Every structure is written in C-alpha cells, then in structure tokens.
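Listing of model-v8.json; format and content: JSON, C-alpha atoms (C1' of nucleotides).
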[["chain", "number", "residue", "atom", "x", "y", "z"],
["A", 1, "MET", "CA", 15.17, 2.08, -90.93],
["A", 2, "ARG", "CA", 13.87, 5.63, -90.77],
["A", 3, "LEU", "CA", 13.85, 6.62, -87.09],
["A", 4, "ALA", "CA", 12.40, 9.86, -85.73],
["A", 5, "THR", "CA", 12.04, 11.60, -82.38],
["A", 6, "TRP", "CA", 9.65, 14.44, -81.62],
["A", 7, "ASN", "CA", 8.58, 16.22, -78.46],
["A", 8, "VAL", "CA", 5.00, 17.00, -79.56],
["A", 9, "ASN", "CA", 3.98, 19.05, -76.47],
["A", 10, "SER", "CA", 0.62, 17.26, -76.10],
["A", 11, "VAL", "CA", -0.35, 14.57, -78.61],
["A", 12, "LYS", "CA", -3.98, 15.65, -78.32],
["A", 13, "ALA", "CA", -3.22, 19.26, -79.24],
["A", 14, "ARG", "CA", -0.82, 18.11, -81.97],
["A", 15, "LEU", "CA", -2.83, 15.23, -83.44],
["A", 16, "PRO", "CA", -3.76, 16.81, -86.80],
["A", 17, "ARG", "CA", -0.18, 17.89, -87.36],
["A", 18, "LEU", "CA", 1.22, 14.56, -86.17],
["A", 19, "LEU", "CA", -1.01, 12.58, -88.55],
["A", 20, "ASP", "CA", -0.13, 14.82, -91.50],
["A", 21, "TRP", "CA", 3.56, 14.57, -90.64],
["A", 22, "LEU", "CA", 3.53, 10.76, -90.33],
["A", 23, "ALA", "CA", 1.72, 10.40, -93.65],
["A", 24, "ASP", "CA", 4.17, 12.76, -95.34],
["A", 25, "LYS", "CA", 7.50, 11.61, -93.86],
["A", 26, "GLN", "CA", 6.70, 7.90, -93.44],
["A", 27, "PRO", "CA", 9.11, 7.13, -90.59],
["A", 28, "ASP", "CA", 9.33, 3.46, -89.59],
["A", 29, "VAL", "CA", 9.75, 4.14, -85.89],
["A", 30, "VAL", "CA", 8.82, 7.33, -84.01],
["A", 31, "CYS", "CA", 9.74, 8.25, -80.44],
["A", 32, "LEU", "CA", 7.32, 10.79, -78.95],
["A", 33, "GLN", "CA", 7.70, 12.85, -75.78],
["A", 34, "GLU", "CA", 5.38, 15.04, -73.73],
["A", 35, "ILE", "CA", 2.29, 13.23, -74.99],
["A", 36, "LYS", "CA", 0.53, 14.64, -71.89],
["A", 37, "CYS", "CA", -2.11, 11.94, -71.81],
["A", 38, "ALA", "CA", -2.73, 8.60, -70.14],
["A", 39, "GLU", "CA", -1.90, 5.46, -72.09],
["A", 40, "ALA", "CA", -5.61, 4.75, -72.63],
["A", 41, "ALA", "CA", -6.16, 8.25, -74.05],
["A", 42, "PHE", "CA", -3.43, 7.98, -76.69],
["A", 43, "PRO", "CA", -4.90, 8.21, -80.23],
["A", 44, "ALA", "CA", -3.70, 4.73, -81.16],
["A", 45, "ASP", "CA", -6.59, 4.16, -83.56],
["A", 46, "GLU", "CA", -5.75, 7.30, -85.54],
["A", 47, "VAL", "CA", -2.06, 6.48, -85.93],
["A", 48, "GLY", "CA", -3.04, 2.84, -86.47],
["A", 49, "GLU", "CA", -4.88, 3.86, -89.65],
["A", 50, "LEU", "CA", -1.51, 5.03, -90.95],
["A", 51, "GLY", "CA", 0.02, 1.63, -90.25],
["A", 52, "TYR", "CA", 1.56, 2.23, -86.83],
["A", 53, "GLU", "CA", 1.44, 0.10, -83.73],
["A", 54, "THR", "CA", 1.60, 2.13, -80.51],
["A", 55, "ALA", "CA", 3.23, 1.65, -77.13],
["A", 56, "ALA", "CA", 2.52, 4.54, -74.76],
["A", 57, "HIS", "CA", 3.44, 5.33, -71.15],
["A", 58, "GLY", "CA", 1.58, 8.31, -69.72],
["A", 59, "ASP", "CA", 0.05, 9.55, -66.50],
["A", 60, "GLY", "CA", -2.52, 11.94, -67.92],
["A", 61, "ARG", "CA", -1.35, 15.46, -67.35],
["A", 62, "TRP", "CA", 2.41, 15.86, -67.50],
["A", 63, "ASN", "CA", 5.27, 14.13, -69.29],
["A", 64, "GLY", "CA", 4.37, 10.93, -71.12],
["A", 65, "VAL", "CA", 6.28, 9.09, -73.85],
["A", 66, "ALA", "CA", 5.41, 6.73, -76.68],
["A", 67, "ILE", "CA", 6.89, 4.67, -79.50],
["A", 68, "LEU", "CA", 5.11, 4.21, -82.81],
["A", 69, "SER", "CA", 6.30, 1.53, -85.23],
["A", 70, "LYS", "CA", 5.44, 0.17, -88.66],
["A", 71, "VAL", "CA", 8.06, -2.56, -88.38],
["A", 72, "GLY", "CA", 7.05, -4.39, -85.22],
["A", 73, "LEU", "CA", 6.82, -3.45, -81.55],
["A", 74, "ALA", "CA", 7.94, -6.14, -79.14],
["A", 75, "ASP", "CA", 9.17, -6.43, -75.55],
["A", 76, "VAL", "CA", 7.69, -3.09, -74.42],
["A", 77, "THR", "CA", 9.17, -1.73, -71.18],
["A", 78, "ARG", "CA", 7.42, 1.12, -69.37],
["A", 79, "GLY", "CA", 9.75, 3.00, -67.06],
["A", 80, "PHE", "CA", 12.99, 1.44, -65.84],
["A", 81, "ALA", "CA", 14.44, -0.14, -62.75],
["A", 82, "GLY", "CA", 16.41, 2.38, -60.72],
["A", 83, "ASP", "CA", 14.34, 5.42, -61.75],
["A", 84, "PRO", "CA", 14.83, 7.65, -58.69],
["A", 85, "GLY", "CA", 11.38, 9.25, -58.93],
["A", 86, "TYR", "CA", 10.57, 12.70, -57.66],
["A", 87, "ALA", "CA", 8.58, 13.13, -54.51],
["A", 88, "GLY", "CA", 8.68, 16.71, -53.35],
["A", 89, "GLU", "CA", 10.68, 19.75, -52.36],
["A", 90, "PRO", "CA", 12.20, 21.08, -49.15],
["A", 91, "GLU", "CA", 9.26, 23.47, -48.85],
["A", 92, "ASP", "CA", 7.12, 20.39, -48.47],
["A", 93, "GLY", "CA", 8.79, 19.87, -45.12],
["A", 94, "ASN", "CA", 11.57, 17.47, -46.07],
["A", 95, "ASP", "CA", 15.01, 18.58, -47.17],
["A", 96, "ALA", "CA", 16.29, 15.14, -48.12],
["A", 97, "LEU", "CA", 17.60, 14.80, -51.66],
["A", 98, "PHE", "CA", 14.66, 12.67, -52.70],
["A", 99, "PRO", "CA", 12.20, 12.90, -49.83],
["A", 100, "THR", "CA", 10.14, 9.80, -49.50],
["A", 101, "PRO", "CA", 6.42, 10.36, -48.94],
["A", 102, "PRO", "CA", 5.23, 8.96, -45.61],
["A", 103, "ASP", "CA", 2.96, 6.50, -47.39],
["A", 104, "GLY", "CA", 5.41, 4.98, -49.83],
["A", 105, "PRO", "CA", 8.28, 5.33, -52.28],
["A", 106, "PRO", "CA", 8.66, 8.34, -54.62],
["A", 107, "PRO", "CA", 6.29, 8.21, -57.58],
["A", 108, "HIS", "CA", 7.96, 7.41, -60.86],
["A", 109, "GLU", "CA", 7.11, 9.88, -63.59],
["A", 110, "THR", "CA", 6.30, 8.61, -67.08],
["A", 111, "ARG", "CA", 9.52, 9.56, -68.80],
["A", 112, "ALA", "CA", 10.85, 6.43, -70.51],
["A", 113, "ILE", "CA", 9.53, 3.61, -72.68],
["A", 114, "GLY", "CA", 11.47, 0.96, -74.54],
["A", 115, "ALA", "CA", 10.54, -1.44, -77.32],
["A", 116, "THR", "CA", 12.21, -3.68, -79.88],
["A", 117, "CYS", "CA", 11.38, -2.72, -83.48],
["A", 118, "ASP", "CA", 12.67, -4.95, -86.28],
["A", 119, "GLY", "CA", 15.60, -6.05, -84.15],
["A", 120, "VAL", "CA", 16.51, -2.57, -82.92],
["A", 121, "ARG", "CA", 16.09, -1.81, -79.22],
["A", 122, "VAL", "CA", 14.64, 1.71, -79.03],
["A", 123, "TRP", "CA", 14.02, 3.97, -76.02],
["A", 124, "SER", "CA", 11.97, 7.16, -76.04],
["A", 125, "VAL", "CA", 12.98, 9.38, -73.11],
["A", 126, "TYR", "CA", 11.87, 12.68, -71.66],
["A", 127, "VAL", "CA", 14.60, 13.72, -69.25],
["A", 128, "PRO", "CA", 13.46, 15.90, -66.31],
["A", 129, "ASN", "CA", 13.77, 19.63, -66.94],
["A", 130, "GLY", "CA", 15.71, 20.51, -63.79],
["A", 131, "ARG", "CA", 14.16, 23.99, -63.56],
["A", 132, "VAL", "CA", 16.93, 25.73, -61.59],
["A", 133, "PRO", "CA", 20.53, 24.60, -60.91],
["A", 134, "ASP", "CA", 21.02, 23.01, -57.49],
["A", 135, "SER", "CA", 17.27, 22.70, -56.90],
["A", 136, "PRO", "CA", 15.71, 19.35, -55.97],
["A", 137, "HIS", "CA", 14.42, 19.15, -59.54],
["A", 138, "TYR", "CA", 17.97, 19.61, -60.84],
["A", 139, "ARG", "CA", 19.37, 16.91, -58.56],
["A", 140, "TYR", "CA", 16.54, 14.64, -59.69],
["A", 141, "LYS", "CA", 17.50, 15.31, -63.32],
["A", 142, "LEU", "CA", 21.12, 14.31, -62.69],
["A", 143, "ALA", "CA", 20.10, 11.23, -60.71],
["A", 144, "TRP", "CA", 17.65, 10.23, -63.45],
["A", 145, "LEU", "CA", 20.33, 10.44, -66.14],
["A", 146, "GLU", "CA", 22.75, 8.43, -64.03],
["A", 147, "ALA", "CA", 20.11, 5.78, -63.34],
["A", 148, "PHE", "CA", 19.20, 5.51, -67.02],
["A", 149, "ARG", "CA", 22.84, 4.77, -67.82],
["A", 150, "GLU", "CA", 22.27, 1.35, -66.26],
["A", 151, "VAL", "CA", 19.60, 0.62, -68.85],
["A", 152, "VAL", "CA", 22.08, 1.37, -71.61],
["A", 153, "THR", "CA", 24.93, -0.66, -70.16],
["A", 154, "THR", "CA", 22.61, -3.60, -69.63],
["A", 155, "GLU", "CA", 20.97, -3.60, -73.07],
["A", 156, "LEU", "CA", 23.75, -2.35, -75.33],
["A", 157, "PRO", "CA", 25.46, -5.74, -75.68],
["A", 158, "ASN", "CA", 22.23, -7.32, -76.93],
["A", 159, "GLY", "CA", 22.20, -5.73, -80.40],
["A", 160, "PRO", "CA", 21.43, -2.50, -82.27],
["A", 161, "PHE", "CA", 20.36, 0.10, -79.73],
["A", 162, "ALA", "CA", 19.04, 3.68, -79.85],
["A", 163, "VAL", "CA", 17.91, 6.12, -77.19],
["A", 164, "CYS", "CA", 16.02, 9.08, -78.60],
["A", 165, "GLY", "CA", 14.25, 11.95, -76.98],
["A", 166, "ASP", "CA", 14.21, 15.28, -75.25],
["A", 167, "PHE", "CA", 17.31, 15.26, -73.05],
["A", 168, "ASN", "CA", 16.78, 18.80, -71.76],
["A", 169, "VAL", "CA", 20.54, 19.24, -72.06],
["A", 170, "ALA", "CA", 22.42, 21.11, -74.78],
["A", 171, "PRO", "CA", 25.60, 19.01, -75.04],
["A", 172, "THR", "CA", 27.95, 21.83, -76.13],
["A", 173, "ASP", "CA", 28.00, 25.61, -76.52],
["A", 174, "ALA", "CA", 27.42, 25.07, -80.25],
["A", 175, "ASP", "CA", 24.02, 23.68, -79.29],
["A", 176, "VAL", "CA", 22.66, 27.00, -77.99],
["A", 177, "PHE", "CA", 22.14, 30.26, -79.88],
["A", 178, "ASP", "CA", 24.19, 32.27, -77.37],
["A", 179, "PRO", "CA", 26.12, 30.64, -74.52],
["A", 180, "LYS", "CA", 26.11, 33.96, -72.62],
["A", 181, "ALA", "CA", 22.31, 33.93, -72.59],
["A", 182, "PHE", "CA", 22.30, 30.66, -70.64],
["A", 183, "ILE", "CA", 24.77, 31.44, -67.87],
["A", 184, "GLY", "CA", 23.37, 30.28, -64.56],
["A", 185, "GLN", "CA", 20.57, 28.28, -66.18],
["A", 186, "THR", "CA", 19.87, 24.60, -66.55],
["A", 187, "HIS", "CA", 20.49, 22.67, -69.79],
["A", 188, "VAL", "CA", 24.09, 23.88, -70.10],
["A", 189, "THR", "CA", 25.71, 23.32, -66.70],
["A", 190, "PRO", "CA", 28.88, 21.21, -66.54],
["A", 191, "ALA", "CA", 27.16, 18.60, -64.39],
["A", 192, "GLU", "CA", 24.30, 18.13, -66.87],
["A", 193, "ARG", "CA", 26.71, 17.92, -69.79],
["A", 194, "ALA", "CA", 28.87, 15.46, -67.86],
["A", 195, "ALA", "CA", 25.80, 13.30, -67.23],
["A", 196, "VAL", "CA", 25.04, 13.15, -70.96],
["A", 197, "THR", "CA", 28.71, 12.51, -71.76],
["A", 198, "ALA", "CA", 28.71, 9.64, -69.28],
["A", 199, "LEU", "CA", 25.65, 8.19, -70.99],
["A", 200, "LEU", "CA", 27.33, 8.43, -74.39],
["A", 201, "GLU", "CA", 30.57, 6.92, -73.07],
["A", 202, "THR", "CA", 28.74, 3.65, -72.45],
["A", 203, "GLY", "CA", 29.13, 3.25, -76.23],
["A", 204, "LEU", "CA", 26.63, 5.55, -77.93],
["A", 205, "HIS", "CA", 27.01, 8.12, -80.71],
["A", 206, "ASP", "CA", 25.11, 11.43, -80.61],
["A", 207, "ILE", "CA", 23.94, 11.76, -84.21],
["A", 208, "ILE", "CA", 23.70, 15.46, -85.02],
["A", 209, "ALA", "CA", 21.08, 15.71, -87.74],
["A", 210, "LYS", "CA", 21.35, 18.15, -90.62],
["A", 211, "PRO", "CA", 19.56, 21.46, -90.23],
["A", 212, "MET", "CA", 17.30, 22.29, -93.17],
["A", 213, "LYS", "CA", 18.39, 25.93, -93.13],
["A", 214, "GLY", "CA", 21.54, 27.57, -91.80],
["A", 215, "ASP", "CA", 24.24, 25.91, -89.74],
["A", 216, "ASN", "CA", 22.59, 25.59, -86.33],
["A", 217, "PRO", "CA", 21.33, 22.06, -85.55],
["A", 218, "PHE", "CA", 18.67, 23.37, -83.18],
["A", 219, "THR", "CA", 15.63, 21.25, -82.36],
["A", 220, "TYR", "CA", 13.79, 23.58, -79.95],
["A", 221, "TRP", "CA", 12.81, 27.23, -80.09],
["A", 222, "ASP", "CA", 10.82, 28.96, -77.34],
["A", 223, "TYR", "CA", 7.34, 30.00, -78.43],
["A", 224, "ARG", "CA", 7.92, 33.51, -77.11],
["A", 225, "ALA", "CA", 9.43, 36.67, -78.58],
["A", 226, "GLY", "CA", 9.90, 35.42, -82.13],
["A", 227, "MET", "CA", 12.68, 33.06, -81.12],
["A", 228, "PHE", "CA", 12.02, 30.68, -83.99],
["A", 229, "HIS", "CA", 12.22, 33.12, -86.85],
["A", 230, "GLN", "CA", 15.38, 34.58, -85.32],
["A", 231, "ASP", "CA", 16.76, 31.01, -85.02],
["A", 232, "LYS", "CA", 17.41, 31.50, -81.30],
["A", 233, "GLY", "CA", 17.13, 27.84, -80.40],
["A", 234, "MET", "CA", 18.82, 24.91, -78.73],
["A", 235, "ARG", "CA", 19.72, 21.33, -79.65],
["A", 236, "ILE", "CA", 18.25, 19.29, -76.81],
["A", 237, "ASP", "CA", 16.49, 16.51, -78.74],
["A", 238, "LEU", "CA", 19.06, 13.79, -79.34],
["A", 239, "VAL", "CA", 19.33, 10.54, -81.25],
["A", 240, "CYS", "CA", 22.00, 8.40, -79.58],
["A", 241, "VAL", "CA", 22.84, 5.12, -81.27],
["A", 242, "SER", "CA", 25.11, 2.10, -80.92],
["A", 243, "ASP", "CA", 28.16, 1.47, -83.11],
["A", 244, "ALA", "CA", 26.32, -0.81, -85.54],
["A", 245, "ILE", "CA", 23.68, 1.83, -86.25],
["A", 246, "ALA", "CA", 26.20, 4.70, -86.37],
["A", 247, "LYS", "CA", 28.15, 2.86, -89.07],
["A", 248, "GLY", "CA", 25.01, 2.64, -91.21],
["A", 249, "ILE", "CA", 23.73, 6.21, -90.86],
["A", 250, "GLY", "CA", 22.58, 7.74, -94.13],
["A", 251, "SER", "CA", 20.51, 10.90, -94.50],
["A", 252, "THR", "CA", 19.49, 12.89, -91.44],
["A", 253, "TYR", "CA", 17.49, 16.07, -90.96],
["A", 254, "ILE", "CA", 15.83, 18.31, -88.40],
["A", 255, "ASP", "CA", 12.38, 19.07, -89.77],
["A", 256, "ARG", "CA", 12.10, 22.78, -89.04],
["A", 257, "GLU", "CA", 9.14, 22.93, -91.45],
["A", 258, "ALA", "CA", 7.17, 21.18, -88.70],
["A", 259, "ARG", "CA", 7.94, 24.11, -86.36],
["A", 260, "LYS", "CA", 6.27, 26.62, -88.71],
["A", 261, "GLY", "CA", 2.70, 27.72, -89.15],
["A", 262, "LYS", "CA", -0.34, 27.50, -86.92],
["A", 263, "GLY", "CA", -0.25, 25.33, -83.81],
["A", 264, "PRO", "CA", 3.25, 23.81, -83.90],
["A", 265, "SER", "CA", 5.08, 22.08, -81.06],
["A", 266, "ASP", "CA", 7.98, 24.14, -79.76],
["A", 267, "HIS", "CA", 10.25, 21.22, -80.76],
["A", 268, "ALA", "CA", 11.03, 20.05, -84.31],
["A", 269, "PRO", "CA", 11.20, 16.36, -85.24],
["A", 270, "VAL", "CA", 14.64, 14.82, -85.78],
["A", 271, "VAL", "CA", 14.86, 12.10, -88.45],
["A", 272, "VAL", "CA", 17.74, 9.71, -89.14],
["A", 273, "GLU", "CA", 17.97, 6.88, -91.65],
["A", 274, "PHE", "CA", 20.29, 3.91, -91.32],
["A", 275, "ILE", "CA", 20.94, 0.45, -92.65],
["A", 276, "LEU", "CA", 22.26, -2.47, -90.63],
["B", 1, "DA", "C1'", 7.28, 35.36, -94.48],
["B", 2, "DT", "C1'", 8.44, 31.04, -89.99],
["B", 3, "DG", "C1'", 6.00, 36.96, -87.40],
["B", 4, "DA", "C1'", 6.47, 37.97, -81.68],
["B", 5, "DC", "C1'", 3.76, 31.70, -75.78],
["B", 6, "DC", "C1'", 1.32, 27.50, -75.24],
["B", 7, "DC", "C1'", 0.21, 23.16, -73.01],
["B", 8, "DC", "C1'", -2.60, 21.26, -69.04],
["B", 9, "DT", "C1'", -6.89, 21.51, -65.80],
["B", 10, "DC", "C1'", -8.54, 22.18, -59.60],
["B", 11, "DT", "C1'", -10.72, 27.46, -65.74],
["B", 12, "DA", "C1'", -6.67, 31.07, -61.71],
["B", 13, "DA", "C1'", -4.78, 35.60, -57.85],
["B", 14, "DG", "C1'", -2.48, 28.45, -61.29],
["B", 15, "DG", "C1'", 1.54, 24.90, -62.69],
["B", 16, "DG", "C1'", 5.05, 23.82, -65.91],
["B", 17, "DG", "C1'", 7.94, 24.21, -69.77],
["B", 18, "DA", "C1'", 13.50, 25.54, -71.13]]
Starting from the file, give its structure as structure tokens.
Amino acid sequence: MRLATWNVNSVKARLPRLLDWLADKQPDVVCLQEIKCAEAAFPADEVGELGYETAAHGDGRWNGVAILSKVGLADVTRGFAGDPGYAGEPEDGNDALFPTPPDGPPPHETRAIGATCDGVRVWSVYVPNGRVPDSPHYRYKLAWLEAFREVVTTELPNGPFAVCGDFNVAPTDADVFDPKAFIGQTHVTPAERAAVTALLETGLHDIIAKPMKGDNPFTYWDYRAGMFHQDKGMRIDLVCVSDAIAKGIGSTYIDREARKGKGPSDHAPVVVEFIL
DNA sequence: ATGACCCCTCTAAGGGGA
C-alpha cells in the first residue's frame, strides 16, 4: 500500500495541484487535512475521476479532514468519542478549562476521520494548533491528544493501523530548523511532546520519511520570509503505524517538490509504502 | 532557482495558521 498524508490548506484552493499530484504519485490512500470546506463541498467527483472514493468531515470554514482511497473505504468514522471540543476563552466570560456554552456541550471541531482501506484502519487527524502555551487553546490541544489516545488503544488490537496527519507538534529538536527560535512557543513544549510520546507508546511507530534534499525531514515551511528556500521548516506531519505495518515499510519520501512553484500548500505531502 | 504569506469570509480597522 502506498499511503500519503498532506495538509493541503484548503482543498478548493489546492484542487488543481491536488489532482495533478494524485495522478502523478498514484497513492492508494491519502489522508488530507485543512480541507476548509463542508463535506458536501468536497470535490469528490474530481478525485473520483482519478479512481478515488472520498470520505470527508468538514464544517465549512476551518479545519476539516478527509480520506481518499483507491482500495476501498469502509466503516467511516467522523470525529471520535471523547473529543473534548473547544467552546470559548476566559475573555468570553468563563475561565473554566473547557467552558460549556449555556445552550449545550462544547462543539466538536472537524479534526479526525477514520476509515478501513483494504484491511488497514486509517485515521486522518488535524491536531489543534494550541496558539500560545498555557492558553485555553493549548490546554484543548493537550486534552485532544489525550482523548485521541483512547481511539488508538481501542482499535490497535483489531489489525493494521495508521494515524496520519498534521500533529502540530515537532517531536524532537531535530524536527525544527533551530530549537532556539522556538523557545516559549507551541509545537515544541515538553507537554506537547509528552502527549505525542504517550500516543506512540500505545504501540505506534513514527515513520520519519526520507527528505528529497538535505538531511532535514521537514514537512512544513512558513510561507513568509523565504523560509522554504532556506529550509527553515519543521516536521509536524506524521505517519504513525502499528507493528505489522512498520515491519513492512519500504520506500518513503517527503515530497518537497509539491511545496515549490505557484500556489503551494505550506505543507509537503508525506508518502510511505509498505507491504503486509 | 524553490525567491521573500496565504487561506477563509461577516471583503476588514478581521480571524487563523505555526
């Protein structure tokens, strides 16, 4: 199976590039993040012409995830039980960790979708950004990661399993261009890294794909200030797989070519191949 | 050259990304 993950930063804005990339790279299963459209607005017909079935989970404006597959798409799960949701900030008049709106439970953002593709259970996730350490958004990020761990522990015994996506965490200092540049910021704090480690310790392997140029396995480069051509990036898009898949991993790459040129996403696709 | 933010929409004196 050729499995890919890509934060496209709007599937509508990226559609021409996405279609060209799918036709060129021919992945079997693709996890997308930040589709930024409602499920009904996803260009399923366009990717369908290339042989892909689509399962999408989106709310229209922010976030949004999808799975595309050429090898079957069964048992689709949108969201997950235990998702803490995010409902507001202290400035809104409530300083509780996850303030509950007066008219109901916190809304669940569209950040996770699961499906079974040719016997492999696959999740596409877009972990909350966190914005600023110790903010409500940051606490939501940590709670979200902890809650998602339950999905993994529940489903991992059932067979080959992969969780792919934008984790918004750089697991180690080797995953950022300059650790000093990130002091005091999210994505690198001990608590965020511990949350990802805890997720992996359920029995997953973080597959670090091969960079196409240089030694840095970065998957994201800020649009601003020429960060990409200076290779000032981060590795925050992860492919985490169960033992059975890890044993069968073959070629892997981070497609930095897809970050070049006119109108790219700020993230590059990550591609791994494996046999079971 | 990969070349110096870009996505969304309540089209901004905006929100969010990481």
Starting from chain B, keep only residues with some atom at most 9 Å from an atom of chain A, counting all atoms listed in the file, and report them as a list of chain:residue names.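 Putting it all together, I get B:DT2, B:DG3, B:DA4, B:DC5, B:DC6, B:DC7, B:DC8, B:DT9, B:DG16, B:DG17, B:DA18.
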Separation of CA of Val163 in chain A and CA of Trp123 in chain A, in Å? 4.6 Å
Show me as a VMD selection string the residues that reach within 10 Å of (14.3, 16.0, -74.5), counting only C-alpha atoms (C1' of nucleotides) and using the file's own coordinates. chain A and resid 5 to 7 32 to 34 111 124 to 129 164 to 170 219 to 220 235 to 238 267
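Minimum distance to Ala194 in chain A across A:Ala44, A:Leu145, A:Val132, A:Ile254 (counting all atoms listed in the file) occurs at A:Leu145.
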Return as AutoDock Vina command-line options the centre and edge lengths, in Å with one decimal, of the box along x, y and z that encloses every atom of range 8-16 of chain B in the file, padded by 3 Å per side.
--center_x -2.8 --center_y 28.4 --center_z -63.4 --size_x 21.8 --size_y 20.3 --size_z 17.2
In Å, rounded to a single decimal, give me how far CA of Ala115 in chain A is from CA of Gly48 in chain A.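 Here the two named atoms are 16.9 Å from each other.
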Residue nearest Ile275 in chain A - candidates A:Ala258, A:Asp45, A:Phe177, A:Pro160, atoms counted: all atoms listed in the file: A:Pro160
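Residues within 9 Å of Glu109 in chain A, counting only C-alpha atoms (C1' of nucleotides) and excluding same-chain residues fewer than 4 positions away, are Gly58, Asp59, Trp62, Asn63, Gly64, Gly79, Asp83, Gly85 and Tyr86 of chain A.
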Expressed in Å, the length from CA of Val11 in chain A to CA of Arg78 in chain A is 18.1 Å
Among A:Thr172, A:Pro157, A:Glu39, A:Val30, Tyr52 in chain A is approached most closely, using only C-alpha atoms, by A:Val30
